[in-house]
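Visitor: Here it is: the structure, laid out below.
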Amino acid sequence: MAITPWLAAVTAIVLTGQILQTWAAFLNLGRMGGELPAEFTDIFSPRDYTRSQNYTRAQTRFELLQGWFWTLVILAALWGNAFNHLDLAVRGLNLSETATGLIFLAGIFLIVEMLELPFDVYHTFRLEERFGMNRTTAATFVADKIKGALLTLILCGVLAWPVLALLQDAGYLAWLYCTLAFGMFMLLMQYIGPGIILPLFNKFEPIEDGDLREDIFDLAAAAEFPLKDIYIVDGSKRSSKGNAFFAGFGKSRRIGLFDTLINRLTRSEILAVLAHEMGHFRLRHVHKGFVSLLVKAGLMFILLNIFINYPQITESLGMKHHSVHASLVFFGLLYFPLVMLLGIYGKWKSRGNEYEADTFAAGLHPPGSLVSALKKLSRNNLGNLTPHPVFVFLHFSHPPVLQRIRNLEGMNDQTQGRGDE
């Protein structure tokens, strides 16, 4: 394939992105081996700390290998003109342009899934198994992969079909219609996710009547959180890691508590974790995040709509036929620098939201309980206690747990000081 300015630009962007990720990963690895922070000496044994650092090293090296593999795959596909070969094969079916685009994108997705499968198998059954985190059986793994692939094809097809059609036929206002379609799709997912999609992967059992259930509803009432149901999720079916989440939309919210979380935290610690999550709701972080997502999507569709009107770009990247679906793929590669910048801003904003939710939780429930919960979760999930600031800047949507704990302990000291007056 002949070297063109656009081919050189895409190659440079892909390589630069992966080199940046590699640099940040090596900085993060260089932080390993330090002393255990004093805040964790009450819960981390020297063996726990060594194990968490070894897990971070193994996870980071795995992600580096995976990242460079996909970098080489993308460059090989570009320089080998693989996208054009796939497009010509699909066009041989003599379907409409929109149907051709859907099959083209589905073909790329299936190829990616097949190439990613060995990494998923290794990560689940070797890396996670080595550190005692994996509880997924082979049968569960296969079922998850099949259900996940089918759901992705269906749901992405539901979104991609109007987007491809609008970008092809709607003219200069296509970006607006696509943004609206994307927003409606995200709202739809909020409705069907809790009741239809999540139960395909996990069992949701209503929490039994008892002190914990009553305490959670009392906490929700104090936080003015519209709680409808509380469910226990069989998270231990796949992993030993603990988690909790809210699902639902509007004034009908549900809480999902992983059984691993319930088994490892005290009742007060569970309430503290939920108070933090309720803080996100009360502070309207979810709503603001949705608006921000729509703004980013609108920006992307504006630029994409402009990009589509330059067929010389796709032609210079080896495509025989200019199309919306090919433009979408190449635009995604060229869009990476802006995605990275928006992502850095979004993660910085998210870290600020976490501090705000911690502050809200501290006003609703004793902050010491959230501190002890964060410590236990860090130990059980083998969290990295001392990540490098550059790695945090690029990747973390939550502040490092040590910073959150110090912030909460400051609130706890202030609360105790007021109580002593």
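Simple scheme: letters A, B, ... for chains in structure tokens order, numbers from 1 for residues in each chain, numbers from 1 for ligands in the order shown.
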Within 7 Å of stretch 226-247 of chain A, which residues of stretch 62-174 of chain A show up? Give each one with its shortest atom-to-atom distance in Å (one decimal) and the two atoms involved, counting only C-alpha atoms, rows by chain then rising residue number, as CSV.
Guide:
residue,atom,partner,partner_atom,distance
A:Met133,CA,A:Ser240,CA,5.1
A:Asn134,CA,A:Ser239,CA,4.8
A:Arg135,CA,A:Arg238,CA,4.6
A:Thr136,CA,A:Arg238,CA,4.2
Visitor: Selection from above, C-alpha atoms, as a PDB file, in the first residue's frame, can you write it?
Guide:
ATOM      1  CA  MET A 133      -9.442 -13.594  42.522  1.00  0.00           C
ATOM      2  CA  ASN A 134     -11.118 -15.824  39.947  1.00  0.00           C
ATOM      3  CA  ARG A 135     -14.217 -17.900  40.664  1.00  0.00           C
ATOM      4  CA  THR A 136     -15.473 -18.139  37.098  1.00  0.00           C
TER       5      THR A 136
END
Visitor: When you look at A:Leu265 with a cut-off of 9 Å (counting only C-alpha atoms), what residues show up, excluding the ones that are within fewer than 2 positions of it in the same chain? I need them as a VMD selection string.
Guide: chain A and resid 260 to 263 267 to 270 372 to 373 376 to 377
Visitor: List the neighbours of A:Tyr177 out to 12 Å using only C-alpha atoms; skip same-chain residues closer than 4 positions along the sequence, and give me the result as a ChimeraX atom specification.
Guide: /A:162-173,181-184,294,297-298,301-302,305
Visitor: What lies within 9 Å of A:Met32 using only C-alpha atoms, ignoring chain neighbours under 3 positions off, as a PyMOL selection string?
Guide: chain A and resi 28-29+53-54+56-57+384+386-387
Visitor: Could you name the residues that touch A:Leu370 at 12 Å or less, counting only C-alpha atoms, but leaving out those on the same chain fewer than 2 positions away, as a count of residues only?
Guide: 40
Visitor: Of the residues A:Ile308, A:Val112, A:Arg282, A:Ala174, which is the one nearest to A:Ile74, using only C-alpha atoms?
Guide: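 Among the listed residues, the smallest separation from A:Ile74 belongs to A:Val112.
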